[in-house]
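Student: Provided herewith is a single structure, encoded as structure tokens, for subsequent inquiry.
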Amino acid sequence: MSTVNDTPLVSSPFIESNDSVAKVMRLVIYAMLPGIIAYTMLFGWGVIINITITILSALFFELIMLLIRRRSVKLFLFDGSAIITAILLSLSMPPLVPWWLLVLGSFFAIVVAKHLYGGLGYNTFNPAMAAYAILLVSFPRELSMWSAPSESINYTLSFIETLKYSFFQMLPSPIEFDALTSATILDHIRTETGLGKSIAEIKQSPIFGYAAGTGYEWVNLAFLFGGLWLIYKKIITWHIPVAVLAALALISSVSYLINPNFFSSPLLHILGGASILGAFFIATDPITASTTPLGRIIYGAGIGILIFAIRIWGSYPDGVAFAVLLMGLTVPLLDYYTTPKVYGERAHNDKI
Amino acid sequence: MKKLWRFKGGIKLPGFKSISNLSEIKKLPIPSTIILPLRQHIGESAEPLVEIGDKVFKGQPVATSNSFISASVHASTSGTVVDIAKRTIPHQSGVSEMCVVIETDGKDEWHPNIEANSNPENLSADEIRARIREAGIVGLGGAVFPSAAKLKPTRIIDTLIINGIECEPYITCDDALMRTRADNIICGVLLLRRLLNPTECIIGVEDNKPEAIALLKASLERFKEQGVGSVSVIDVVAVPTIFPAGGEKQLIKVLTGKEVPMNGLPYEVGVVCLNVGTTAAIYDAIYHGQPLVSRLITVTGPLIKKPANYDVLIGTPVEDLLSAAGGVNSEKDKLIMGGPMMGQVLPHAKVPVVKATNCILVESIDKNLKTNVMPCIRCGKCASVCPINLLPQQLYWHAREKSFDKLTHYNLSDCIECGCCAVVCPSKIPLVHYFRFAKSENKEHEVKMKFSELSRIRSQVRDARLERIKREQEERKAKRKAERLKKKIEKDIVKNNDVTDKASVG
């Protein structure tokens with residue numbers, strides 16, 4: 001398919017909007033900034049370093065693929081889509097990971113999940129989530145070592161020290177890597193309920209903050225703020241985020257009411273893990289999401305339910321990536337069967 | 001306040017209306033040549049009534065048709081018929097159709113039969129319909145559907161809507177008409193009321209034309225003071241400015257809350273909708289006996305020196321209009337007939353203006369090269385602005401694939417080509433362009449399908465016939481065989497009997 005027309009089209013409309021793909025993507029990036037800043041402040045420099053490494057490597061792979069596929073570098077390299085993919089991918093990873101893991105992730109996301117499926121607009125799976133899923137099954141250990149919130153540890157790595165860890169896995173002596181990490185809240189609940197402890201007992205742990213994980217709850221609120229701003233700016237519609245969170249809240253409320261000792265509260269489900277990021281920034285990726293209003297609600301609700309199911313019964317503590325990938329498979333079907341009624345269709349059917 | 005409804009989708013557009021509506025309506029001098037296409041309407045082409053060399057008067061019919069959905073064409077000024085031949089018509093494709101070409105004599109003499117009607121109140125409804133038909137009046141909002149065909153509906157009409165929306169940017173000819181001829185429009189509505197007997201008549205005007213709304217309301221008051229009680233059913237309603245509020249289906253939804261059934265016509269929900277320009281033309285036809293020979297046309301755009309509304313004779317070449325308006329006519333200009341949303345690019349400036357021409361918009365050709373087309377990112381903005389509630393991104397996909405059954409599933413044929421989807425597309429995909437193309441392809445495909453269906457049925461019938469013949473032959477064969485066998489057996493029995501007889505003898 002040629003994406004650039006050589007001859008001018010002389011066909012109405014002759015009005016063009018100021019919107020462009022790059023502008024849409026730019027606004028999404030802006031909306032992620034509050035969350036990224038909060039995350040960095042509460043969990044250290046690793047967040048920013050990871051994002052930078054991932055963006056640079058993603059742009060590198062994007063450039064290579066555009067050249068190989070003979071697409072316009074000028075048009076596509078800085079359309080923002082590779083940058084968003086990179087940010088989402090690095091946000092899915094723990095703040096302290098070796099650099100090559102991020103580069104490998106970028107490779108899977110940009111080369112495999114995006115360009116081998118046809119590039120921007122044609123990819124079946126969310127590239128960031130597909131790459132994350134591959135990394136998670138290939139490097140489960142590295143991807144489960146989450147940094148502890150800065151306030152709960154005695155030593156915070158400086159920028160240079162974090163860089164050294166990222167590139168050489170070197171830590172200032174006598175700091176041990178394990179001292180810098182702790183289980184995430186979902187991880188913790190999963191292990192402890194497995195040992196037969198009740199939620200009330202588990203909640204005594206210092207990793208519990210006001211509503212969810214210490215530190216994480218603020219990061220998630222910051223992402224929530226950015227997500228709401230995206231709805232306000234009409235970049236995304238309310239359907240998917242509301243459906244994801246409502247379905248998750250509903251199913252976790254019911255289970256919480258039935259057995260509060262085994263099931264955690266709906267608030268924890270929403271403010272813990274990647275629910276907010278997933279609902280507003282990952283599930284709303286237009287290319288892989290449903291496009292009809294009803295389709296978006298079903299798609300979102302499916303993701304919400306799958307997140308809950310994977311958290312409770314799956315073998316991973318969080319389930320956003322797998323939920324998004326699984327529901328992505330249903331999109332063509334959803335779009336087909338949720339075609340909205342057009343003007344006059346109801347009146348037409350009544351007539352018959 | 002009248003209750004208003006909201007049609008789905010639509011977009012807010014910059015108006016650019018003050019470019020052309022600040023100056024007075026200007027009368028265009030009589031051009032030296034008039035070119036009258038014989039089909040300026042939806043329906044069948046009219047047949048010429050004149051011959052080359054004939055002297056014609058202004059208002060004299062030069063072509064007519066007996067078909068119900070058709071309209072007559074009249075000489076728009078006096079002169080001599082110099083040619084009846086194919087000429088380029090104002091259409092994007094640059095096709096040629098039959099035209100009557102008149103060399104004008106500058107006298108602008110009306111045909112002697114045309115005279116004002118002192119007592120239109122005495123005309124019967126059928127007489128009024130006949131006169132509207134004879135006057136060659138078609139929908140002047142752009143759809144050019146023969147008006148007379150709309151005015152004899154087969155069911156009771158509840159609402160008569162007069163469309164004064166003019167939602168396209170740049171165009172102000174209806175605005176100018178409402179501001180200068182409010183009384184005539186009201187008279188026209190009263191005539192239409194007699195034909196249709198609606199319970200309410202609504203003149204819908206977009207709220208960006210407060211002056212037109214005020215003048216129409218003032219005119220209604222004047223009629224009331226003069227004791228014309230029947231104006232009480234007429235209401236002037238300000239409609240929110242959202243493109244395409246002037247689309248017939250959208251306006252009906254906004255003003256009545258009703259939706260015209262798919263593939264249906266407004267009268268099926270008890271509504272008849274006519275443009276204000278059409279209403280004024282009906283007034284002219286009934287009160288002054290004048291057929292449709294001229295109309296208001298907005299000439300506008302950044303490259304026009306004297307943008308304004310011009311009173312133009314139908315058939316005037318666009319170049320005459322442009323030179324009067326001070327438009328530079330270079331190769332670099334793009335001539336658009338209609339507005340920037342739904343208008344079409346004219347092949348050249350020698351084509352005439354027709355009944356459908358409401359605006360000539362001149363833009364530089366460099367604008368909108370659409371060189372930065374990106375792939376669809378499925379953002380769904382197109383669907384959220386579609387006034388028909390279609391899914392343009394799905395249609396785009398299937399139009400490219402030419403999957404005709406999918407295009408039918410997604411109701412391509414309901415697309416009104418308003419352009420909203422293409423305007424909001426962040427990937428700048430010329431969606432409407434694809435849809436127009438797919439519609440014409442779909443039509444071809446349907447013809448082909450119908451043909452192949454016919455062939456299929458034919459071949460099935462043939463197969464069945466051959467089958468039957470074969471079966472009958474076989475049956476006959478079997479019958480003969482059976483008979484032969486029977487005879488043989490009988491013979492054998494006889495033989496055997498003979499043998500036993502002989503044996504017994506032996």
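Here's how to read the names in the structure tokens: chain A, B, ... by the order shown, residue numbers from 1 in each chain, ligand numbers from 1 in the order shown.
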Taking only C-alpha atoms into account, find every residue of chain B that has an atom no more than 7 Å from chain A, and write it out as a compact mmCIF listing (two decimals) with C-alpha atoms, in the first residue's frame.
Tutor:
```
# COMPACT_ATOMS: atom_id res chain seq x y z
CA GLU B 259 -35.99 9.72 11.55
CA VAL B 260 -36.67 9.12 7.89
CA PRO B 261 -36.61 5.34 7.37
CA MET B 262 -33.57 3.92 5.65
CA PRO B 340 -15.78 23.26 0.86
CA MET B 341 -17.38 20.22 2.54
CA MET B 342 -19.50 18.74 -0.23
CA GLY B 343 -18.75 20.82 -3.31
CA GLN B 344 -17.11 19.55 -6.45
CA VAL B 345 -14.19 20.82 -8.46
CA ASN B 368 -4.98 20.37 0.74
CA LEU B 369 -2.51 18.34 -1.20
CA LYS B 370 -3.17 15.52 1.26
CA THR B 371 0.39 14.32 0.95
CA ASN B 372 0.71 13.26 4.56
CA VAL B 373 -1.75 10.40 4.51
CA MET B 374 -1.01 7.98 7.35
CA PRO B 375 -2.47 4.54 7.95
CA CYS B 376 -5.76 4.36 9.85
CA ILE B 377 -5.09 4.07 13.57
CA ARG B 378 -8.71 3.11 14.26
CA CYS B 379 -9.19 6.02 16.63
CA GLY B 380 -12.89 6.09 15.80
CA ILE B 388 -25.65 8.72 9.95
CA ASN B 389 -23.92 6.66 12.66
CA LEU B 390 -21.87 4.71 10.16
CA GLY B 419 -17.22 14.96 4.65
CA VAL B 423 -12.19 16.41 8.13
CA VAL B 424 -11.55 14.97 11.60
CA PRO B 426 -5.93 12.51 12.18
CA SER B 427 -4.39 10.26 9.53
CA HIS B 433 -13.15 9.86 -1.84
```
Student: For range 440-445 of chain B, list every protein, DNA or RNA residue within 10 Å, evaluated using only C-alpha atoms, and leave out those in the same chain fewer than 2 positions away; present the list as a PyMOL selection string.
Tutor: chain B and resi 399+402-405+407-408+412-413+435-438+447-451
Student: Please provide the set of residues having any atom within 10 Å of Lys107 in chain B, restricted to only C-alpha atoms, with same-chain residues fewer than 5 positions apart removed, written as a list in words.
Tutor: Ile30, Phe57, Lys58, Thr77, Ser78 and Gly79 of chain B
Student: Output C-alpha atoms of each residue in that selection to a file, as a PDB file, in the first residue's frame.
Tutor:
```pdb
ATOM      1  CA  ILE B  30     -26.246  39.653 -19.254  1.00  0.00           C
ATOM      2  CA  PHE B  57     -37.691  34.977 -25.171  1.00  0.00           C
ATOM      3  CA  LYS B  58     -36.780  35.044 -21.527  1.00  0.00           C
ATOM      4  CA  THR B  77     -32.817  35.672 -21.327  1.00  0.00           C
ATOM      5  CA  SER B  78     -33.897  36.560 -24.848  1.00  0.00           C
ATOM      6  CA  GLY B  79     -31.729  35.685 -27.836  1.00  0.00           C
TER       7      GLY B  79
END
```
Student: Could you write out, as a list in words, all the residues of range 355-402 of chain B that DSSP marks as alpha helix (DSSP H)?
Tutor: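 Matching residues, listed in order: Lys381, Cys382, Ala383, Ser384, Val385, Pro392, Gln393, Gln394, Leu395, Tyr396, Trp397, His398, Ala399, Arg400 and Glu401 of chain B.
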Student: Since we have the selection now, will you write its residues out, keeping C-alpha atoms, as a compact mmCIF listing (two decimals), in the first residue's frame?
Tutor:
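Done, and the output landed in result09.txt:
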```txt
# COMPACT_ATOMS: atom_id res chain seq x y z
CA LYS B 381 -13.17 9.87 15.49
CA CYS B 382 -14.79 9.42 12.10
CA ALA B 383 -17.51 7.25 13.62
CA SER B 384 -18.18 9.72 16.41
CA VAL B 385 -18.83 12.57 13.95
CA PRO B 392 -16.27 5.06 8.35
CA GLN B 393 -13.06 3.28 9.33
CA GLN B 394 -14.67 -0.10 8.62
CA LEU B 395 -16.12 1.18 5.36
CA TYR B 396 -12.70 2.51 4.38
CA TRP B 397 -11.13 -0.88 5.01
CA HIS B 398 -13.73 -2.78 3.03
CA ALA B 399 -13.81 -0.15 0.26
CA ARG B 400 -10.11 -0.74 -0.26
CA GLU B 401 -10.65 -4.49 -0.24
```
Student: Pick out the residues sitting within 9 Å of range 315-329 of chain A, and hand them over as a PyMOL selection string; count only C-alpha atoms, and ignore anything fewer than 5 positions along from it in its own chain.
Tutor: chain A and resi 92+124-126+128-130+132-133+184-190+273-275+278-279+282-283+288-290+299-300+302-310
Student: With only C-alpha atoms as the counted atoms, please give the residues lying no more than 8 Å from Ser264 in chain A, apart from itself and same-chain residues fewer than 4 positions off, as an MDAnalysis selection string.
Tutor: chainID A and resid 199 252 256 260 268:269
Student: Write a file of the selected residues as a JSON list (two decimals), in the first residue's frame, keeping C-alpha atoms.
Tutor:
```
[["chain", "number", "residue", "atom", "x", "y", "z"],
["A", 199, "ILE", "CA", -6.29, -10.38, 54.08],
["A", 252, "SER", "CA", -14.02, -7.70, 43.12],
["A", 256, "TYR", "CA", -14.99, -9.22, 48.65],
["A", 260, "PRO", "CA", -13.28, -10.61, 52.72],
["A", 268, "LEU", "CA", -7.01, -2.38, 46.20],
["A", 269, "HIS", "CA", -7.75, -4.01, 42.87]]
```
Student: Between A:Pro98, A:Gly209, A:Pro34, A:Gly196, which residue has the minimum interatomic distance to Lys164 in chain A, considering only C-alpha atoms?
Tutor: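 That would be A:Pro98, the residue with the smallest distance to Lys164 in chain A.
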